[in-house]
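Undergrad: Dropping a structure here in C-alpha cells format, bear with me for questions.
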Amino acid sequence: AQSVTQLDSQVPVFEEAPVELRCNYSSSVSVYLFWYVQYPNQGLQLLLKYLSGSTLVKGINGFEAEFNKSQTSFHLRKPSVHISDTAEYFCAVSPPGGSNYKLTFGKGTLLTVNP
Amino acid sequence: GAVVSQHPSWVICKSGTSVKIECRSLDFQATTMFWYRQFPKQSLMLMATSNEGSKATYEQGVEKDKFLINHASLTLSTLTVTSAHPEDSSFYICSGPDTRGGYTFGSGTRLTVV
C-alpha cells in the first residue's frame, strides 16, 4: 500500500518570497510522484512529475521538486511566488509502469500568497 | 495533448432525481478512467475505476447502485448519481491516463442536490 503525507495543511507567504511545500510518501515499491495544483472549483492541473532519471524536476509556472529516495520525500519549491500562485496543491503517488494504476493523493496544502 | 473534457461543470438537481456526468477524452483513447469525489477543503477520494467494455471497479465503501459508471467507448466514461440526496452534493472529478506516464483531469462537476 502507498500513502502520501503533506506536512502542512496551510502555508501563508508574502509575494516574491520563496516557498517550499513538503511531501513525504510511503511505499514498499518504487513510485511515480506528482504535484498538482487546484484553483477554486476547477480540476487538477499537473505542475510536474517524477518518473525516473534526474531527481530534480522542473515544472510549469516556475515550480520545481526534488525526489529524495532516502528520505522518501518530494518537496515542491518556488523561489519567488506570485499572488496568482494562491491555490491548493496536492502531492500524489502511483505505482510505476503505466497510467492505468490509480493515484494516491495527499490531503493537500493551501498556499496563500499575500501582498 | 491528453485533454479530458468533463460536463456539466455544475448542476443543481432535486432530491430523488438522477444526474449524469460525462467525461470525454478528446485526443486520446482511454481504456481506463478514474472517478474521484472531493469534499470541501479536502483531498480527492477515488470512487471507482471505469474500464472500457467491462464493469467498473469500485473502492471500498462506495455504493455501486448509487454511483453507476459506464465506459461504453474508448473516449467516453459516465458517472450517474442515482436517486440523489443532499449528502451526495460534492465536487466530482474524472481522470484519464495521458501518454507520458501521468494523468490528466477533467475540470470537475459541482453537484448540488436540493
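Just so we're on the same page: first chain in the C-alpha cells is A, next is B, and so on; residues restart at 1 for each chain, and ligands are numbered from 1 in the order they show up.
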Skip range 20-32 of chain B itself and residues of its chain fewer than 5 positions away, then list as a ChimeraX atom specification all residues within 6 Å of it, counting only C-alpha atoms.

TA: /B:2-7,50-52,74-80

Undergrad: Could you save the residues just selected, with N, CA and C atoms, as a compact mmCIF listing (two decimals), in the first residue's frame?

TA:
# COMPACT_ATOMS: atom_id res chain seq x y z
N ALA B 2 -3.68 14.93 -24.60
CA ALA B 2 -4.25 14.30 -23.42
C ALA B 2 -5.20 15.24 -22.68
N VAL B 3 -6.25 15.63 -23.39
CA VAL B 3 -7.25 16.52 -22.79
C VAL B 3 -8.49 15.73 -22.43
N VAL B 4 -8.98 15.96 -21.23
CA VAL B 4 -10.22 15.35 -20.76
C VAL B 4 -11.26 16.44 -20.59
N SER B 5 -12.39 16.25 -21.22
CA SER B 5 -13.49 17.22 -21.14
C SER B 5 -14.59 16.65 -20.26
N GLN B 6 -14.97 17.39 -19.25
CA GLN B 6 -15.98 16.92 -18.29
C GLN B 6 -17.16 17.87 -18.31
N HIS B 7 -18.37 17.28 -18.38
CA HIS B 7 -19.59 18.08 -18.41
C HIS B 7 -20.70 17.41 -17.61
N SER B 50 -13.21 3.06 -14.03
CA SER B 50 -14.05 2.54 -15.11
C SER B 50 -13.16 1.91 -16.16
N ASN B 51 -13.63 0.81 -16.69
CA ASN B 51 -12.88 0.03 -17.67
C ASN B 51 -13.72 -0.14 -18.93
N GLU B 52 -13.16 0.26 -20.04
CA GLU B 52 -13.90 0.20 -21.30
C GLU B 52 -14.33 -1.23 -21.60
N LEU B 74 -14.00 4.06 -25.99
CA LEU B 74 -12.65 4.45 -25.58
C LEU B 74 -12.50 5.95 -25.34
N THR B 75 -13.57 6.69 -25.61
CA THR B 75 -13.48 8.14 -25.40
C THR B 75 -14.54 8.69 -24.47
N LEU B 76 -15.37 7.83 -23.90
CA LEU B 76 -16.45 8.33 -23.05
C LEU B 76 -16.66 7.44 -21.83
N SER B 77 -16.63 8.07 -20.67
CA SER B 77 -17.00 7.41 -19.43
C SER B 77 -18.03 8.29 -18.73
N THR B 78 -19.05 7.68 -18.16
CA THR B 78 -20.09 8.46 -17.49
C THR B 78 -20.29 7.97 -16.06
N LEU B 79 -20.63 8.93 -15.21
CA LEU B 79 -20.98 8.64 -13.82
C LEU B 79 -22.40 9.14 -13.61
N THR B 80 -23.30 8.26 -13.21
CA THR B 80 -24.67 8.65 -12.93
C THR B 80 -24.92 8.51 -11.43

Undergrad: Can you pull out every residue within 8 Å of Thr109 in chain A, counting only C-alpha atoms, but drop anything in the same chain fewer than 6 positions away, and send it as a list in words?

TA: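 Contacts, with the query itself left out: Gln6, Asp8, Ser9, Gln10, Val11, Leu21, Glu88, Tyr89 and Phe90 of chain A.
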
Undergrad: Those same residues, written as a CSV table (one decimal), in the first residue's frame with C-alpha atoms?

TA:
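Saved file result03.csv follows:
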chain,number,residue,atom,x,y,z
A,6,GLN,CA,1.6,16.6,3.2
A,8,ASP,CA,1.4,21.5,6.1
A,9,SER,CA,-2.3,22.0,5.6
A,10,GLN,CA,-1.8,25.7,5.1
A,11,VAL,CA,1.2,27.8,4.1
A,21,LEU,CA,5.6,22.7,0.2
A,88,GLU,CA,-4.5,24.2,-3.3
A,89,TYR,CA,-1.5,21.9,-4.0
A,90,PHE,CA,-1.7,18.1,-4.0

Undergrad: Give me, as a tab-separated table (two decimals) with N, CA and C atoms, in the first residue's frame, the residues of chain A touching chain B, with the criterion being at most 9 Å (counting only C-alpha atoms).

TA:
chain	number	residue	atom	x	y	z
A	32	TYR	N	5.98	6.51	-8.93
A	32	TYR	CA	5.94	7.74	-9.70
A	32	TYR	C	5.39	8.81	-8.76
A	34	PHE	N	3.94	12.96	-8.25
A	34	PHE	CA	3.30	14.06	-8.97
A	34	PHE	C	2.97	15.20	-8.01
A	41	ASN	N	-12.95	25.53	-7.52
A	41	ASN	CA	-13.98	24.99	-8.42
A	41	ASN	C	-13.43	24.56	-9.77
A	42	GLN	N	-12.20	24.13	-9.77
A	42	GLN	CA	-11.62	23.64	-11.01
A	42	GLN	C	-11.01	22.25	-10.79
A	43	GLY	N	-10.66	21.61	-11.90
A	43	GLY	CA	-9.98	20.33	-11.81
A	43	GLY	C	-8.53	20.52	-11.43
A	44	LEU	N	-7.78	19.45	-11.56
A	44	LEU	CA	-6.37	19.49	-11.19
A	44	LEU	C	-5.49	19.71	-12.42
A	45	GLN	N	-4.48	20.52	-12.23
A	45	GLN	CA	-3.53	20.78	-13.30
A	45	GLN	C	-2.17	20.25	-12.88
A	46	LEU	N	-1.53	19.50	-13.75
A	46	LEU	CA	-0.23	18.93	-13.42
A	46	LEU	C	0.84	20.01	-13.39
A	49	LYS	N	6.14	16.09	-12.59
A	49	LYS	CA	6.10	14.69	-12.22
A	49	LYS	C	7.51	14.11	-12.27
A	51	LEU	N	9.19	10.46	-12.89
A	51	LEU	CA	9.01	9.07	-13.29
A	51	LEU	C	10.31	8.29	-13.12
A	88	GLU	N	-4.69	25.39	-4.02
A	88	GLU	CA	-4.48	24.16	-3.26
A	88	GLU	C	-3.50	23.31	-4.06
A	90	PHE	N	-1.60	19.53	-4.38
A	90	PHE	CA	-1.68	18.13	-3.99
A	90	PHE	C	-0.47	17.36	-4.47
A	96	PRO	N	4.74	2.46	-10.46
A	96	PRO	CA	5.32	2.68	-11.78
A	96	PRO	C	4.71	1.74	-12.80
A	97	GLY	N	4.94	2.04	-14.05
A	97	GLY	CA	4.55	1.08	-15.06
A	97	GLY	C	3.35	1.45	-15.90
A	98	GLY	N	2.79	2.63	-15.67
A	98	GLY	CA	1.67	2.98	-16.55
A	98	GLY	C	0.58	3.71	-15.83
A	99	SER	N	-0.19	4.44	-16.60
A	99	SER	CA	-1.22	5.30	-16.02
A	99	SER	C	-2.50	4.56	-15.73
A	100	ASN	N	-2.54	3.27	-15.88
A	100	ASN	CA	-3.74	2.54	-15.51
A	100	ASN	C	-3.78	2.23	-14.02
A	101	TYR	N	-2.77	2.66	-13.31
A	101	TYR	CA	-2.74	2.49	-11.87
A	101	TYR	C	-3.25	3.76	-11.22
A	102	LYS	N	-4.00	3.60	-10.14
A	102	LYS	CA	-4.62	4.76	-9.53
A	102	LYS	C	-3.62	5.58	-8.74
A	103	LEU	N	-3.93	6.85	-8.64
A	103	LEU	CA	-3.15	7.79	-7.86
A	103	LEU	C	-3.60	7.79	-6.41
A	104	THR	N	-2.65	7.95	-5.52
A	104	THR	CA	-2.96	8.16	-4.11
A	104	THR	C	-2.55	9.58	-3.78
A	105	PHE	N	-3.49	10.37	-3.28
A	105	PHE	CA	-3.26	11.79	-3.02
A	105	PHE	C	-2.96	12.06	-1.56
A	106	GLY	N	-2.18	13.10	-1.34
A	106	GLY	CA	-2.07	13.67	-0.01
A	106	GLY	C	-3.30	14.53	0.27
A	107	LYS	N	-3.36	15.08	1.46
A	107	LYS	CA	-4.54	15.84	1.86
A	107	LYS	C	-4.55	17.26	1.33
A	108	GLY	N	-3.45	17.66	0.74
A	108	GLY	CA	-3.40	18.98	0.15
A	108	GLY	C	-2.80	20.03	1.05
A	110	LEU	N	-2.85	24.28	1.26
A	110	LEU	CA	-3.37	25.54	0.75
A	110	LEU	C	-2.29	26.59	0.83

Undergrad: Nearest to Ala1 in chain A among A:Val57, A:Ser52, A:Tyr25, A:Pro18, with distances taken over only C-alpha atoms: which residue is it?

TA: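 Smallest distance to Ala1 in chain A is found for A:Tyr25.
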
Undergrad: What parts of chain B does DSSP call strand (DSSP E or B)? I'd like the answer as a PyMOL selection string.

TA: chain B and resi 4-7+10-13+19-25+32-38+44-51+57-58+67-73+76-81+90-97+103-105+109-113

Undergrad: With a distance cut-off of 12 Å and only C-alpha atoms, select the neighbouring residues of Phe63 in chain A, excluding the residue or stretch itself and same-chain residues fewer than 2 positions from it, and output the selection as a list of chain:residue names.

TA: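 Once the nearby chain positions are removed, what remains is A:Pro18, A:Val19, A:Glu20, A:Leu21, A:Trp35, A:Tyr36, A:Val37, A:Leu46, A:Leu47, A:Leu48, A:Lys49, A:Leu56, A:Val57, A:Lys58, A:Gly59, A:Ile60, A:Asn61, A:Ala65, A:Glu66, A:His75, A:Leu76, A:Arg77, A:Lys78, A:Pro79, A:Ser80, A:Val81, A:His82, A:Asp85, A:Tyr89.
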
Undergrad: For the residues selected in the previous step, produce a file with N, CA and C atoms as a short mmCIF file (atom, residue, chain, number, x, y, z; two decimals), in the first residue's frame.

TA:
data_model
loop_
_atom_site.label_atom_id
_atom_site.label_comp_id
_atom_site.auth_asym_id
_atom_site.auth_seq_id
_atom_site.Cartn_x
_atom_site.Cartn_y
_atom_site.Cartn_z
N PRO A 18 10.24 33.05 -1.22
CA PRO A 18 10.35 31.65 -1.64
C PRO A 18 9.38 30.78 -0.85
N VAL A 19 9.04 29.63 -1.39
CA VAL A 19 8.13 28.72 -0.70
C VAL A 19 8.54 27.28 -0.93
N GLU A 20 8.31 26.46 0.09
CA GLU A 20 8.51 25.03 -0.03
C GLU A 20 7.28 24.33 0.53
N LEU A 21 6.69 23.46 -0.26
CA LEU A 21 5.56 22.65 0.19
C LEU A 21 6.07 21.22 0.33
N TRP A 35 2.97 16.41 -8.56
CA TRP A 35 2.40 17.56 -7.87
C TRP A 35 1.34 18.17 -8.79
N TYR A 36 0.16 18.39 -8.21
CA TYR A 36 -0.94 19.02 -8.94
C TYR A 36 -1.36 20.29 -8.22
N VAL A 37 -1.90 21.24 -8.99
CA VAL A 37 -2.46 22.46 -8.41
C VAL A 37 -3.94 22.51 -8.75
N LEU A 46 -1.53 19.50 -13.75
CA LEU A 46 -0.23 18.93 -13.42
C LEU A 46 0.84 20.01 -13.39
N LEU A 47 1.57 20.09 -12.27
CA LEU A 47 2.70 21.01 -12.18
C LEU A 47 3.98 20.33 -12.66
N LEU A 48 4.20 19.13 -12.18
CA LEU A 48 5.39 18.38 -12.56
C LEU A 48 5.24 16.94 -12.09
N LYS A 49 6.14 16.09 -12.59
CA LYS A 49 6.10 14.69 -12.22
C LYS A 49 7.51 14.11 -12.27
N LEU A 56 15.94 16.10 -9.80
CA LEU A 56 15.42 17.47 -9.78
C LEU A 56 14.51 17.64 -10.99
N VAL A 57 13.27 17.92 -10.70
CA VAL A 57 12.27 18.01 -11.76
C VAL A 57 11.76 19.45 -11.86
N LYS A 58 11.76 19.98 -13.04
CA LYS A 58 11.24 21.34 -13.24
C LYS A 58 9.86 21.25 -13.88
N GLY A 59 8.97 22.10 -13.40
CA GLY A 59 7.62 22.07 -13.91
C GLY A 59 7.18 23.41 -14.45
N ILE A 60 5.88 23.57 -14.53
CA ILE A 60 5.34 24.81 -15.08
C ILE A 60 5.30 25.90 -14.00
N ASN A 61 5.13 27.13 -14.44
CA ASN A 61 4.96 28.27 -13.54
C ASN A 61 6.13 28.47 -12.58
N ALA A 65 10.73 20.41 -8.09
CA ALA A 65 10.67 19.49 -6.95
C ALA A 65 11.85 18.56 -7.04
N GLU A 66 12.26 18.08 -5.87
CA GLU A 66 13.40 17.17 -5.83
C GLU A 66 12.98 15.86 -5.18
N HIS A 75 9.55 17.29 -2.16
CA HIS A 75 9.12 18.64 -1.79
C HIS A 75 9.07 19.57 -3.00
N LEU A 76 8.07 20.41 -3.00
CA LEU A 76 7.84 21.36 -4.10
C LEU A 76 8.38 22.73 -3.70
N ARG A 77 9.07 23.40 -4.62
CA ARG A 77 9.66 24.69 -4.30
C ARG A 77 9.42 25.70 -5.42
N LYS A 78 9.41 26.96 -5.00
CA LYS A 78 9.40 28.06 -5.97
C LYS A 78 10.18 29.20 -5.35
N PRO A 79 11.12 29.78 -6.06
CA PRO A 79 11.99 30.80 -5.47
C PRO A 79 11.30 32.13 -5.20
N SER A 80 10.24 32.42 -5.94
CA SER A 80 9.56 33.70 -5.77
C SER A 80 8.09 33.54 -6.20
N VAL A 81 7.20 33.63 -5.24
CA VAL A 81 5.79 33.36 -5.55
C VAL A 81 5.04 34.63 -5.94
N HIS A 82 3.95 34.41 -6.65
CA HIS A 82 3.07 35.50 -7.06
C HIS A 82 1.70 35.31 -6.43
N ASP A 85 -0.33 32.42 -7.53
CA ASP A 85 0.01 31.05 -7.10
C ASP A 85 -0.88 30.58 -5.95
N TYR A 89 -2.53 22.73 -3.37
CA TYR A 89 -1.53 21.91 -4.02
C TYR A 89 -1.59 20.49 -3.47
#

Undergrad: Provide the CA of Asn68 in chain A to CA of Ser30 in chain A distance in Å, to one decimal place.

TA: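 A separation of 12.0 Å between them.
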
Undergrad: Do you have the CA of Leu33 in chain A-CA of Ser70 in chain A distance handy?

TA: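 Those two atoms sit 14.6 Å apart.
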
Undergrad: In Å, rounded to a single decimal, give me how far CA of Thr112 in chain A is from CA of Phe74 in chain A.

TA: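 Here the two named atoms are 20.3 Å from each other.
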
Undergrad: Give me the residues near Ile12 in chain B as an mmCIF file with C-alpha atoms, in the first residue's frame, where near means some atom within 8 Å (using only C-alpha atoms) and where sequence neighbours in that chain fewer than 4 positions away do not count.

TA:
data_model
loop_
_atom_site.group_PDB
_atom_site.id
_atom_site.type_symbol
_atom_site.label_atom_id
_atom_site.label_comp_id
_atom_site.auth_asym_id
_atom_site.auth_seq_id
_atom_site.Cartn_x
_atom_site.Cartn_y
_atom_site.Cartn_z
ATOM 1 C CA LEU B 111 -23.270 18.787 -7.869
ATOM 2 C CA THR B 112 -25.779 20.391 -5.552
ATOM 3 C CA VAL B 113 -28.813 18.375 -4.511
ATOM 4 C CA VAL B 114 -31.668 20.401 -3.051
#

Undergrad: Nearest residue to Val29 in chain A out of A:Ile83, A:Val13, A:Leu7, A:Val93, using only C-alpha atoms?

TA: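 Among the listed residues, the smallest separation from Val29 in chain A belongs to A:Val93.
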
Undergrad: Can you tell me which residues surround Ser84 in chain A at a distance of at most 10 Å, considering only C-alpha atoms, apart from same-chain residues fewer than 5 positions away, and format the answer as a VMD selection string?

TA: chain A and resid 15 39 112 to 114
